[in-house]
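Student: Hey, dropping protein.pdb in here, PDB, C-alpha atoms, pLDDT in the B column:
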MODEL        1
ATOM      1  CA  GLN A 114     153.015-191.688-157.048  1.00 63.00           C
ATOM      2  CA  GLN A 115     154.981-193.146-154.182  1.00 73.00           C
ATOM      3  CA  GLN A 116     152.475-192.079-151.528  1.00 91.00           C
ATOM      4  CA  VAL A 117     150.211-194.243-149.434  1.00 96.00           C
ATOM      5  CA  LYS A 118     147.303-192.345-147.902  1.00 97.00           C
ATOM      6  CA  GLN A 119     145.839-193.715-144.666  1.00 97.00           C
ATOM      7  CA  SER A 120     142.625-192.808-142.889  1.00 96.00           C
ATOM      8  CA  PRO A 121     141.316-192.074-140.365  1.00 97.00           C
ATOM      9  CA  GLN A 122     144.095-190.468-138.346  1.00 97.00           C
ATOM     10  CA  SER A 123     142.484-191.659-135.113  1.00 97.00           C
ATOM     11  CA  LEU A 124     139.683-194.013-134.172  1.00 97.00           C
ATOM     12  CA  ILE A 125     137.820-194.837-130.967  1.00 98.00           C
ATOM     13  CA  VAL A 126     135.655-197.941-130.677  1.00 97.00           C
ATOM     14  CA  GLN A 127     133.999-199.887-127.903  1.00 98.00           C
ATOM     15  CA  LYS A 128     135.255-203.335-126.925  1.00 97.00           C
ATOM     16  CA  GLY A 129     133.859-205.888-129.360  1.00 97.00           C
ATOM     17  CA  GLY A 130     133.510-203.355-132.173  1.00 97.00           C
ATOM     18  CA  ILE A 131     135.119-203.708-135.614  1.00 97.00           C
ATOM     19  CA  PRO A 132     137.482-200.823-136.352  1.00 98.00           C
ATOM     20  CA  ILE A 133     138.270-200.356-140.040  1.00 98.00           C
ATOM     21  CA  ILE A 134     141.370-198.559-141.278  1.00 98.00           C
ATOM     22  CA  ASN A 135     141.692-197.634-144.934  1.00 98.00           C
ATOM     23  CA  CYS A 136     144.653-197.047-147.231  1.00 98.00           C
ATOM     24  CA  ALA A 137     144.899-195.898-150.817  1.00 97.00           C
ATOM     25  CA  TYR A 138     147.846-195.964-153.187  1.00 96.00           C
ATOM     26  CA  GLU A 139     148.606-194.607-156.640  1.00 93.00           C
ATOM     27  CA  ASN A 140     151.512-196.655-157.916  1.00 91.00           C
ATOM     28  CA  THR A 141     150.075-199.599-159.846  1.00 90.00           C
ATOM     29  CA  ALA A 142     153.445-201.353-159.584  1.00 88.00           C
ATOM     30  CA  PHE A 143     152.875-201.930-155.864  1.00 91.00           C
ATOM     31  CA  ASP A 144     152.164-205.600-155.215  1.00 90.00           C
ATOM     32  CA  TYR A 145     152.950-206.135-151.542  1.00 92.00           C
ATOM     33  CA  PHE A 146     150.804-204.589-148.814  1.00 95.00           C
ATOM     34  CA  PRO A 147     151.642-205.240-145.147  1.00 96.00           C
ATOM     35  CA  TRP A 148     150.068-203.882-141.988  1.00 97.00           C
ATOM     36  CA  TYR A 149     152.039-203.083-138.855  1.00 98.00           C
ATOM     37  CA  GLN A 150     151.003-202.523-135.235  1.00 98.00           C
ATOM     38  CA  GLN A 151     153.061-200.273-132.994  1.00 98.00           C
ATOM     39  CA  PHE A 152     152.780-199.831-129.241  1.00 97.00           C
ATOM     40  CA  PRO A 153     154.378-196.834-127.492  1.00 94.00           C
ATOM     41  CA  GLY A 154     158.089-197.342-127.002  1.00 91.00           C
ATOM     42  CA  LYS A 155     158.202-200.346-129.341  1.00 94.00           C
ATOM     43  CA  GLY A 156     159.054-200.898-132.975  1.00 96.00           C
ATOM     44  CA  PRO A 157     156.318-201.741-135.484  1.00 98.00           C
ATOM     45  CA  ALA A 158     155.277-205.403-135.504  1.00 97.00           C
ATOM     46  CA  LEU A 159     154.221-207.124-138.722  1.00 95.00           C
ATOM     47  CA  LEU A 160     150.554-208.151-138.421  1.00 96.00           C
ATOM     48  CA  ILE A 161     149.482-209.402-141.794  1.00 95.00           C
ATOM     49  CA  ALA A 162     150.303-208.828-145.474  1.00 94.00           C
ATOM     50  CA  ILE A 163     148.504-209.330-148.773  1.00 93.00           C
ATOM     51  CA  ARG A 164     149.368-209.641-152.452  1.00 91.00           C
ATOM     52  CA  PRO A 165     146.990-208.352-155.182  1.00 88.00           C
ATOM     53  CA  ASP A 166     146.093-211.850-156.387  1.00 89.00           C
ATOM     54  CA  VAL A 167     143.628-212.254-153.498  1.00 91.00           C
ATOM     55  CA  SER A 168     140.832-209.953-152.358  1.00 93.00           C
ATOM     56  CA  GLU A 169     140.839-210.913-148.698  1.00 96.00           C
ATOM     57  CA  LYS A 170     143.183-212.474-146.157  1.00 96.00           C
ATOM     58  CA  LYS A 171     142.470-213.365-142.537  1.00 96.00           C
ATOM     59  CA  GLU A 172     144.844-214.066-139.681  1.00 94.00           C
ATOM     60  CA  GLY A 173     143.145-214.496-136.356  1.00 96.00           C
ATOM     61  CA  ARG A 174     141.027-211.411-135.668  1.00 97.00           C
ATOM     62  CA  PHE A 175     142.772-209.362-138.366  1.00 97.00           C
ATOM     63  CA  THR A 176     141.443-209.223-141.930  1.00 96.00           C
ATOM     64  CA  ILE A 177     142.804-207.363-144.950  1.00 96.00           C
ATOM     65  CA  SER A 178     140.414-206.505-147.755  1.00 95.00           C
ATOM     66  CA  PHE A 179     141.967-205.540-151.078  1.00 95.00           C
ATOM     67  CA  ASN A 180     140.360-203.743-154.022  1.00 94.00           C
ATOM     68  CA  LYS A 181     142.816-203.695-156.910  1.00 92.00           C
ATOM     69  CA  SER A 182     140.664-201.629-159.282  1.00 93.00           C
ATOM     70  CA  ALA A 183     140.138-198.912-156.665  1.00 95.00           C
ATOM     71  CA  LYS A 184     143.760-199.159-155.485  1.00 95.00           C
ATOM     72  CA  GLN A 185     142.587-199.419-151.911  1.00 96.00           C
ATOM     73  CA  PHE A 186     143.069-201.845-149.053  1.00 97.00           C
ATOM     74  CA  SER A 187     141.782-201.925-145.523  1.00 98.00           C
ATOM     75  CA  LEU A 188     142.357-203.579-142.164  1.00 98.00           C
ATOM     76  CA  HIS A 189     139.454-204.880-140.099  1.00 98.00           C
ATOM     77  CA  ILE A 190     139.917-205.940-136.477  1.00 98.00           C
ATOM     78  CA  MET A 191     137.186-208.327-135.367  1.00 97.00           C
ATOM     79  CA  ASP A 192     136.000-208.388-131.761  1.00 97.00           C
ATOM     80  CA  SER A 193     138.410-205.606-130.821  1.00 97.00           C
ATOM     81  CA  GLN A 194     139.906-205.609-127.320  1.00 97.00           C
ATOM     82  CA  PRO A 195     141.494-202.880-125.175  1.00 97.00           C
ATOM     83  CA  GLY A 196     144.841-204.607-125.792  1.00 97.00           C
ATOM     84  CA  ASP A 197     144.475-203.751-129.485  1.00 98.00           C
ATOM     85  CA  SER A 198     144.867-200.061-128.624  1.00 98.00           C
ATOM     86  CA  ALA A 199     147.923-199.059-130.646  1.00 98.00           C
ATOM     87  CA  THR A 200     148.993-197.221-133.774  1.00 98.00           C
ATOM     88  CA  TYR A 201     148.460-199.094-137.025  1.00 98.00           C
ATOM     89  CA  PHE A 202     150.411-198.468-140.216  1.00 98.00           C
ATOM     90  CA  CYS A 203     149.715-199.685-143.705  1.00 98.00           C
ATOM     91  CA  ALA A 204     152.579-199.934-146.171  1.00 97.00           C
ATOM     92  CA  ALA A 205     153.192-200.805-149.792  1.00 95.00           C
ATOM     93  CA  SER A 206     156.020-201.829-152.050  1.00 91.00           C
ATOM     94  CA  SER A 207     156.823-203.778-155.144  1.00 86.00           C
ATOM     95  CA  LEU A 208     158.375-207.221-155.140  1.00 80.00           C
ATOM     96  CA  THR A 209     160.115-206.500-158.431  1.00 77.00           C
ATOM     97  CA  GLY A 210     162.528-203.826-159.513  1.00 73.00           C
ATOM     98  CA  SER A 211     165.837-202.978-157.901  1.00 69.00           C
ATOM     99  CA  SER A 212     164.569-199.555-156.807  1.00 72.00           C
ATOM    100  CA  ASN A 213     162.100-201.220-154.431  1.00 76.00           C
ATOM    101  CA  THR A 214     164.273-203.725-152.598  1.00 79.00           C
ATOM    102  CA  GLY A 215     163.925-203.394-148.845  1.00 84.00           C
ATOM    103  CA  LYS A 216     161.855-200.238-149.170  1.00 91.00           C
ATOM    104  CA  LEU A 217     158.395-199.995-147.661  1.00 94.00           C
ATOM    105  CA  ILE A 218     156.296-196.864-148.240  1.00 95.00           C
ATOM    106  CA  PHE A 219     154.251-196.265-145.095  1.00 97.00           C
ATOM    107  CA  GLY A 220     150.946-194.531-144.515  1.00 97.00           C
ATOM    108  CA  GLN A 221     150.794-191.861-141.827  1.00 97.00           C
ATOM    109  CA  GLY A 222     149.321-194.166-139.189  1.00 97.00           C
ATOM    110  CA  THR A 223     146.027-194.538-137.329  1.00 98.00           C
ATOM    111  CA  THR A 224     145.848-194.331-133.557  1.00 98.00           C
ATOM    112  CA  LEU A 225     143.228-196.786-132.329  1.00 98.00           C
ATOM    113  CA  GLN A 226     141.690-196.701-128.873  1.00 98.00           C
ATOM    114  CA  VAL A 227     139.444-199.551-127.816  1.00 98.00           C
ATOM    115  CA  LYS A 228     137.365-198.622-124.782  1.00 97.00           C
ATOM    116  CA  PRO A 229     136.482-201.336-122.236  1.00 95.00           C
TER     117      PRO A 229
ATOM    118  CA  LYS B 192     164.950-216.880-132.449  1.00 71.00           C
ATOM    119  CA  ALA B 193     165.991-213.625-130.902  1.00 84.00           C
ATOM    120  CA  GLY B 194     164.454-210.556-132.476  1.00 94.00           C
ATOM    121  CA  VAL B 195     166.132-207.539-133.996  1.00 97.00           C
ATOM    122  CA  THR B 196     168.232-205.683-131.466  1.00 98.00           C
ATOM    123  CA  GLN B 197     169.322-202.061-131.618  1.00 98.00           C
ATOM    124  CA  THR B 198     171.853-200.224-129.512  1.00 97.00           C
ATOM    125  CA  PRO B 199     171.849-197.855-127.862  1.00 97.00           C
ATOM    126  CA  ARG B 200     168.167-197.412-127.084  1.00 97.00           C
ATOM    127  CA  TYR B 201     168.511-193.729-126.218  1.00 97.00           C
ATOM    128  CA  LEU B 202     171.018-191.073-127.213  1.00 97.00           C
ATOM    129  CA  ILE B 203     171.352-187.382-126.551  1.00 98.00           C
ATOM    130  CA  LYS B 204     173.738-185.491-128.799  1.00 98.00           C
ATOM    131  CA  THR B 205     174.594-181.876-129.464  1.00 98.00           C
ATOM    132  CA  ARG B 206     174.112-180.146-132.808  1.00 98.00           C
ATOM    133  CA  GLY B 207     177.168-180.614-135.005  1.00 98.00           C
ATOM    134  CA  GLN B 208     178.238-183.914-133.460  1.00 98.00           C
ATOM    135  CA  GLN B 209     178.070-187.262-135.194  1.00 98.00           C
ATOM    136  CA  VAL B 210     176.419-190.471-134.056  1.00 98.00           C
ATOM    137  CA  THR B 211     176.597-194.187-134.865  1.00 98.00           C
ATOM    138  CA  LEU B 212     173.673-196.535-134.303  1.00 98.00           C
ATOM    139  CA  SER B 213     173.903-200.306-134.390  1.00 98.00           C
ATOM    140  CA  CYS B 214     171.486-203.021-135.481  1.00 98.00           C
ATOM    141  CA  SER B 215     171.742-206.797-135.148  1.00 98.00           C
ATOM    142  CA  PRO B 216     169.250-208.596-137.401  1.00 97.00           C
ATOM    143  CA  ILE B 217     167.406-211.821-136.710  1.00 96.00           C
ATOM    144  CA  SER B 218     169.766-214.756-137.138  1.00 95.00           C
ATOM    145  CA  GLY B 219     169.859-215.815-140.791  1.00 93.00           C
ATOM    146  CA  HIS B 220     168.434-212.560-142.126  1.00 94.00           C
ATOM    147  CA  ARG B 221     170.681-210.905-144.675  1.00 93.00           C
ATOM    148  CA  SER B 222     168.684-207.772-145.465  1.00 94.00           C
ATOM    149  CA  VAL B 223     168.663-204.798-143.116  1.00 96.00           C
ATOM    150  CA  SER B 224     166.615-201.656-143.783  1.00 96.00           C
ATOM    151  CA  TRP B 225     166.738-198.426-141.803  1.00 98.00           C
ATOM    152  CA  TYR B 226     163.886-195.973-141.235  1.00 98.00           C
ATOM    153  CA  GLN B 227     163.468-192.623-139.535  1.00 98.00           C
ATOM    154  CA  GLN B 228     160.227-192.112-137.594  1.00 98.00           C
ATOM    155  CA  THR B 229     159.042-188.631-136.609  1.00 96.00           C
ATOM    156  CA  PRO B 230     155.585-187.332-135.618  1.00 92.00           C
ATOM    157  CA  GLY B 231     155.501-185.000-138.613  1.00 89.00           C
ATOM    158  CA  GLN B 232     156.923-187.154-141.399  1.00 92.00           C
ATOM    159  CA  GLY B 233     156.010-190.624-140.169  1.00 94.00           C
ATOM    160  CA  LEU B 234     158.147-193.587-141.186  1.00 97.00           C
ATOM    161  CA  GLN B 235     160.624-192.759-143.925  1.00 97.00           C
ATOM    162  CA  PHE B 236     163.015-195.157-145.612  1.00 96.00           C
ATOM    163  CA  LEU B 237     166.719-194.371-145.263  1.00 97.00           C
ATOM    164  CA  PHE B 238     168.545-197.262-146.937  1.00 95.00           C
ATOM    165  CA  GLU B 239     168.751-201.021-147.261  1.00 94.00           C
ATOM    166  CA  TYR B 240     171.716-203.382-147.166  1.00 94.00           C
ATOM    167  CA  PHE B 241     171.980-206.965-148.345  1.00 92.00           C
ATOM    168  CA  SER B 242     175.145-209.032-148.087  1.00 91.00           C
ATOM    169  CA  GLU B 243     177.235-205.959-147.227  1.00 94.00           C
ATOM    170  CA  THR B 244     175.988-204.000-150.270  1.00 93.00           C
ATOM    171  CA  GLN B 245     173.703-200.990-150.230  1.00 94.00           C
ATOM    172  CA  ARG B 246     170.896-201.917-152.608  1.00 91.00           C
ATOM    173  CA  ASN B 247     168.558-199.012-152.099  1.00 91.00           C
ATOM    174  CA  LYS B 248     168.630-195.501-150.701  1.00 93.00           C
ATOM    175  CA  GLY B 249     165.919-193.039-149.695  1.00 94.00           C
ATOM    176  CA  ASN B 250     165.828-189.276-150.094  1.00 94.00           C
ATOM    177  CA  PHE B 251     168.048-188.247-147.227  1.00 97.00           C
ATOM    178  CA  PRO B 252     171.144-186.023-147.357  1.00 97.00           C
ATOM    179  CA  GLY B 253     174.605-187.505-147.554  1.00 96.00           C
ATOM    180  CA  ARG B 254     175.077-186.906-143.823  1.00 98.00           C
ATOM    181  CA  PHE B 255     173.184-190.151-143.373  1.00 98.00           C
ATOM    182  CA  SER B 256     175.250-193.204-144.205  1.00 97.00           C
ATOM    183  CA  GLY B 257     175.358-196.845-143.327  1.00 97.00           C
ATOM    184  CA  ARG B 258     177.199-200.075-143.723  1.00 97.00           C
ATOM    185  CA  GLN B 259     176.715-203.777-143.208  1.00 97.00           C
ATOM    186  CA  PHE B 260     179.218-206.286-141.946  1.00 97.00           C
ATOM    187  CA  SER B 261     179.813-209.870-143.022  1.00 96.00           C
ATOM    188  CA  ASN B 262     177.718-211.155-140.082  1.00 95.00           C
ATOM    189  CA  SER B 263     174.787-208.996-141.374  1.00 95.00           C
ATOM    190  CA  ARG B 264     175.007-206.560-138.468  1.00 98.00           C
ATOM    191  CA  SER B 265     174.504-203.018-139.660  1.00 98.00           C
ATOM    192  CA  GLU B 266     175.403-199.544-138.513  1.00 98.00           C
ATOM    193  CA  MET B 267     174.128-196.173-139.560  1.00 98.00           C
ATOM    194  CA  ASN B 268     175.985-192.925-139.065  1.00 98.00           C
ATOM    195  CA  VAL B 269     174.707-189.387-139.016  1.00 98.00           C
ATOM    196  CA  SER B 270     177.316-186.649-139.239  1.00 95.00           C
ATOM    197  CA  THR B 271     176.972-182.966-138.409  1.00 97.00           C
ATOM    198  CA  LEU B 272     173.762-183.494-136.466  1.00 98.00           C
ATOM    199  CA  GLU B 273     170.923-181.018-136.853  1.00 98.00           C
ATOM    200  CA  LEU B 274     167.993-180.404-134.512  1.00 97.00           C
ATOM    201  CA  GLY B 275     165.698-181.902-137.145  1.00 97.00           C
ATOM    202  CA  ASP B 276     167.518-185.234-136.914  1.00 98.00           C
ATOM    203  CA  SER B 277     165.821-185.902-133.578  1.00 98.00           C
ATOM    204  CA  ALA B 278     163.768-189.014-134.239  1.00 98.00           C
ATOM    205  CA  LEU B 279     163.274-192.690-133.564  1.00 98.00           C
ATOM    206  CA  TYR B 280     165.613-194.648-135.840  1.00 98.00           C
ATOM    207  CA  LEU B 281     164.337-198.105-136.631  1.00 98.00           C
ATOM    208  CA  CYS B 282     166.034-200.974-138.321  1.00 98.00           C
ATOM    209  CA  ALA B 283     164.244-203.940-139.804  1.00 97.00           C
ATOM    210  CA  SER B 284     165.580-207.254-140.993  1.00 96.00           C
ATOM    211  CA  SER B 285     164.272-209.612-143.642  1.00 94.00           C
ATOM    212  CA  SER B 286     165.217-213.081-144.799  1.00 89.00           C
ATOM    213  CA  GLY B 287     163.946-212.755-148.352  1.00 76.00           C
ATOM    214  CA  VAL B 288     165.763-211.550-151.420  1.00 78.00           C
ATOM    215  CA  THR B 289     163.263-208.705-151.822  1.00 80.00           C
ATOM    216  CA  GLY B 290     163.891-207.547-148.261  1.00 78.00           C
ATOM    217  CA  LEU B 291     160.229-206.686-147.814  1.00 83.00           C
ATOM    218  CA  GLU B 292     158.860-209.027-145.099  1.00 90.00           C
ATOM    219  CA  GLN B 293     160.409-206.856-142.463  1.00 95.00           C
ATOM    220  CA  TYR B 294     160.728-207.370-138.730  1.00 96.00           C
ATOM    221  CA  PHE B 295     161.552-204.259-136.764  1.00 98.00           C
ATOM    222  CA  GLY B 296     163.721-203.664-133.758  1.00 98.00           C
ATOM    223  CA  PRO B 297     162.699-201.414-130.851  1.00 97.00           C
ATOM    224  CA  GLY B 298     164.516-198.414-132.292  1.00 98.00           C
ATOM    225  CA  THR B 299     167.039-195.899-131.054  1.00 98.00           C
ATOM    226  CA  ARG B 300     165.599-192.640-129.778  1.00 98.00           C
ATOM    227  CA  LEU B 301     167.982-189.846-130.812  1.00 98.00           C
ATOM    228  CA  THR B 302     167.586-186.395-129.321  1.00 98.00           C
ATOM    229  CA  VAL B 303     169.679-183.563-130.740  1.00 98.00           C
ATOM    230  CA  THR B 304     170.022-180.469-128.548  1.00 97.00           C
TER     231      THR B 304
ENDMDL
END
If you convert what's in this file into structure tokens, what do you get?
Tutor:
Amino acid sequence: QQQVKQSPQSLIVQKGGIPIINCAYENTAFDYFPWYQQFPGKGPALLIAIRPDVSEKKEGRFTISFNKSAKQFSLHIMDSQPGDSATYFCAASSLTGSSNTGKLIFGQGTTLQVKP
Amino acid sequence: KAGVTQTPRYLIKTRGQQVTLSCSPISGHRSVSWYQQTPGQGLQFLFEYFSETQRNKGNFPGRFSGRQFSNSRSEMNVSTLELGDSALYLCASSSGVTGLEQYFGPGTRLTVT
């Protein structure tokens, strides 16, 4: 119940394309869903996060779509650029409950390559 | 503000030894979480500290321990190193009470031979 399943494992798109990365969770207590971007040799960087009270959130070229009934959320990268080539991780947690403090459950990651 | 810093960046240790890793959070952040990242298991939560108290712990053996100081800096210790402990160890800091809006450091790459 603590798992977050992420797909696809890898993704190749052309510059300007819209890569979509999907995540699914089981624990209905989860109510905080961030996305991280990681470049080789660096730590993950927080991109954008969403709570279940909204179905979509945009920050720049990054959009999260959230489907509470399906227990799924996805990241869309608009007008993708070669500089977006990185590994992307979704995560989930609950903002309540002492067993969840400071603990993010991560998906397995998606390696994105954006070709020029 | 300066970001999260971790030292050392790289370590090579021998099986059976112990190691201490250090993390300095973003100024003003009181929560520090630690994660282990490996190609096979991905990012796994180790533990979280807030105001010098461990509030949460992941499913790792007791060889993995940590602490937090009054200035919010944190250390983690791994005793009796095993080959399988080779990984990137990441710490993340957060300003909020929930400790969930996390900002990661660059990590410490530990290699156990």
Student: Give me, as a ChimeraX atom specification, all polymer residues having an atom no more than 8 Å from segment 220-227 of chain A, counting only C-alpha atoms and skipping those fewer than 3 positions away in the same chain.
Tutor: /A:116-128,134,136,193-204 /B:232-234
Student: Fewer than 3 positions away in the same chain doesn't count, so skip those; otherwise give me all residues within 7 Å of Leu279 of chain B, counting all atoms listed in the file, as JSON, numbers by chain.
Tutor: {"B": [227, 228, 229, 298, 299, 300, 301]}
Student: Using only the atoms of segment 200-218 of chain A listed in the file, plus 8 Å on each side, state the axis-aligned box centre and edge lengths in Å rounded to one decimal, as AutoDock Vina command-line options.
Tutor:
--center_x 157.1 --center_y -202.0 --center_z -146.6 --size_x 33.4 --size_y 26.4 --size_z 41.7
Student: Run the PyMOL selection byres ((chain A) within 8 of (chain B)) on the file and write out the hits as a list of chain:residue names.
Tutor: A:Gly154, A:Lys155, A:Gly156, A:Pro157, A:Ala158, A:Leu159, A:Ser206, A:Leu208, A:Thr209, A:Ser211, A:Ser212, A:Asn213, A:Thr214, A:Gly215, A:Lys216, A:Leu217, A:Ile218, A:Phe219, A:Gly220, A:Gln221, A:Gly222
Student: With C-alpha atoms retained, write the just-selected residues as a PDB file, in the frame of the given file.
Tutor:
ATOM      1  CA  GLY A 154     158.089-197.342-127.002  1.00 91.00           C
ATOM      2  CA  LYS A 155     158.202-200.346-129.341  1.00 94.00           C
ATOM      3  CA  GLY A 156     159.054-200.898-132.975  1.00 96.00           C
ATOM      4  CA  PRO A 157     156.318-201.741-135.484  1.00 98.00           C
ATOM      5  CA  ALA A 158     155.277-205.403-135.504  1.00 97.00           C
ATOM      6  CA  LEU A 159     154.221-207.124-138.722  1.00 95.00           C
ATOM      7  CA  SER A 206     156.020-201.829-152.050  1.00 91.00           C
ATOM      8  CA  LEU A 208     158.375-207.221-155.140  1.00 80.00           C
ATOM      9  CA  THR A 209     160.115-206.500-158.431  1.00 77.00           C
ATOM     10  CA  SER A 211     165.837-202.978-157.901  1.00 69.00           C
ATOM     11  CA  SER A 212     164.569-199.555-156.807  1.00 72.00           C
ATOM     12  CA  ASN A 213     162.100-201.220-154.431  1.00 76.00           C
ATOM     13  CA  THR A 214     164.273-203.725-152.598  1.00 79.00           C
ATOM     14  CA  GLY A 215     163.925-203.394-148.845  1.00 84.00           C
ATOM     15  CA  LYS A 216     161.855-200.238-149.170  1.00 91.00           C
ATOM     16  CA  LEU A 217     158.395-199.995-147.661  1.00 94.00           C
ATOM     17  CA  ILE A 218     156.296-196.864-148.240  1.00 95.00           C
ATOM     18  CA  PHE A 219     154.251-196.265-145.095  1.00 97.00           C
ATOM     19  CA  GLY A 220     150.946-194.531-144.515  1.00 97.00           C
ATOM     20  CA  GLN A 221     150.794-191.861-141.827  1.00 97.00           C
ATOM     21  CA  GLY A 222     149.321-194.166-139.189  1.00 97.00           C
TER      22      GLY A 222
END
Student: May I have the residues within 6 Å of Ser265 of chain B as a PyMOL selection string, using only C-alpha atoms and disregarding those fewer than 3 positions away in the same chain?
Tutor: chain B and resi 213-214+258-259
Student: Write a file of the just-selected residues containing C-alpha atoms, as a PDB file, keeping the file's coordinate frame.
Tutor:
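Contents of again28.pdb, freshly written:
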ATOM      1  CA  SER B 213     173.903-200.306-134.390  1.00 98.00           C
ATOM      2  CA  CYS B 214     171.486-203.021-135.481  1.00 98.00           C
ATOM      3  CA  ARG B 258     177.199-200.075-143.723  1.00 97.00           C
ATOM      4  CA  GLN B 259     176.715-203.777-143.208  1.00 97.00           C
TER       5      GLN B 259
END
Student: Calculated over all atoms listed in the file, which of the candidates A:Phe146, A:Ala205, A:Gly129, A:Asn140 has the smallest distance to Ser168 of chain A?
Tutor: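 Of the candidates, the smallest distance to Ser168 of chain A is held by A:Phe146.
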Student: Report the residues retrieved by the PyMOL selection byres ((chain A and resi 183) around 12) from the displayed file, expressed as a PyMOL selection string.
Tutor: chain A and resi 135-141+165+168+178-182+184-187
Student: Provide the atom CA of Asn262 of chain B to atom CA of Ser207 of chain A distance in Å, to one decimal place.
Tutor: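 Spanning atom CA of Asn262 of chain B to atom CA of Ser207 of chain A is a straight-line distance of 26.8 Å.
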Student: By how many Å are atom CA of Ile163 of chain A and atom CA of Ile131 of chain A apart?
Tutor: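 That distance, rounded to one decimal, is 19.6 Å.
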Student: Quick one: distance from atom CA of Phe255 of chain B to atom CA of Ser270 of chain B in Å, one decimal?
Tutor: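 It comes out at 6.8 Å.
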Student: Of the candidates B:Pro252, B:Gly275, B:Gly219, B:Gly257, which shows the shortest atom-to-atom distance to Ala193 of chain B, using all atoms listed in the file?
Tutor: B:Gly219
Student: Kindly reconstruct segment 116-128 of chain A with N, CA, C and O atoms and present the result as a PDB file, in the coordinates of the input.
Tutor:
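The result, written out as result23.pdb:
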ATOM      1  N   GLN A 116     153.179-192.261-152.786  1.00 91.00           N
ATOM      2  CA  GLN A 116     152.475-192.079-151.528  1.00 91.00           C
ATOM      3  C   GLN A 116     151.491-193.193-151.231  1.00 91.00           C
ATOM      4  O   GLN A 116     150.928-193.828-152.134  1.00 91.00           O
ATOM      5  N   VAL A 117     151.289-193.388-149.916  1.00 96.00           N
ATOM      6  CA  VAL A 117     150.211-194.243-149.434  1.00 96.00           C
ATOM      7  C   VAL A 117     149.412-193.386-148.455  1.00 96.00           C
ATOM      8  O   VAL A 117     149.971-192.883-147.483  1.00 96.00           O
ATOM      9  N   LYS A 118     148.134-193.217-148.736  1.00 97.00           N
ATOM     10  CA  LYS A 118     147.303-192.345-147.902  1.00 97.00           C
ATOM     11  C   LYS A 118     146.452-193.206-146.981  1.00 97.00           C
ATOM     12  O   LYS A 118     145.710-194.084-147.439  1.00 97.00           O
ATOM     13  N   GLN A 119     146.513-192.907-145.680  1.00 97.00           N
ATOM     14  CA  GLN A 119     145.839-193.715-144.666  1.00 97.00           C
ATOM     15  C   GLN A 119     144.814-192.873-143.932  1.00 97.00           C
ATOM     16  O   GLN A 119     145.043-191.712-143.631  1.00 97.00           O
ATOM     17  N   SER A 120     143.682-193.490-143.644  1.00 96.00           N
ATOM     18  CA  SER A 120     142.625-192.808-142.889  1.00 96.00           C
ATOM     19  C   SER A 120     141.825-193.824-142.074  1.00 96.00           C
ATOM     20  O   SER A 120     141.758-195.001-142.450  1.00 96.00           O
ATOM     21  N   PRO A 121     141.214-193.406-140.954  1.00 97.00           N
ATOM     22  CA  PRO A 121     141.316-192.074-140.365  1.00 97.00           C
ATOM     23  C   PRO A 121     142.626-191.925-139.596  1.00 97.00           C
ATOM     24  O   PRO A 121     143.359-192.882-139.411  1.00 97.00           O
ATOM     25  N   GLN A 122     142.893-190.728-139.129  1.00 97.00           N
ATOM     26  CA  GLN A 122     144.095-190.468-138.346  1.00 97.00           C
ATOM     27  C   GLN A 122     143.968-191.077-136.951  1.00 97.00           C
ATOM     28  O   GLN A 122     144.932-191.538-136.372  1.00 97.00           O
ATOM     29  N   SER A 123     142.731-191.051-136.413  1.00 97.00           N
ATOM     30  CA  SER A 123     142.484-191.659-135.113  1.00 97.00           C
ATOM     31  C   SER A 123     141.095-192.266-135.102  1.00 97.00           C
ATOM     32  O   SER A 123     140.218-191.865-135.882  1.00 97.00           O
ATOM     33  N   LEU A 124     140.913-193.220-134.185  1.00 97.00           N
ATOM     34  CA  LEU A 124     139.683-194.013-134.172  1.00 97.00           C
ATOM     35  C   LEU A 124     139.433-194.496-132.748  1.00 97.00           C
ATOM     36  O   LEU A 124     140.358-194.980-132.095  1.00 97.00           O
ATOM     37  N   ILE A 125     138.213-194.339-132.289  1.00 98.00           N
ATOM     38  CA  ILE A 125     137.820-194.837-130.967  1.00 98.00           C
ATOM     39  C   ILE A 125     136.638-195.767-131.147  1.00 98.00           C
ATOM     40  O   ILE A 125     135.647-195.399-131.788  1.00 98.00           O
ATOM     41  N   VAL A 126     136.754-196.981-130.601  1.00 97.00           N
ATOM     42  CA  VAL A 126     135.655-197.941-130.677  1.00 97.00           C
ATOM     43  C   VAL A 126     135.445-198.567-129.304  1.00 97.00           C
ATOM     44  O   VAL A 126     136.330-198.526-128.447  1.00 97.00           O
ATOM     45  N   GLN A 127     134.278-199.137-129.124  1.00 98.00           N
ATOM     46  CA  GLN A 127     133.999-199.887-127.903  1.00 98.00           C
ATOM     47  C   GLN A 127     134.517-201.312-128.048  1.00 98.00           C
ATOM     48  O   GLN A 127     134.605-201.853-129.174  1.00 98.00           O
ATOM     49  N   LYS A 128     134.834-201.928-126.925  1.00 97.00           N
ATOM     50  CA  LYS A 128     135.255-203.335-126.925  1.00 97.00           C
ATOM     51  C   LYS A 128     134.237-204.181-127.687  1.00 97.00           C
ATOM     52  O   LYS A 128     133.031-204.030-127.494  1.00 97.00           O
TER      53      LYS A 128
END
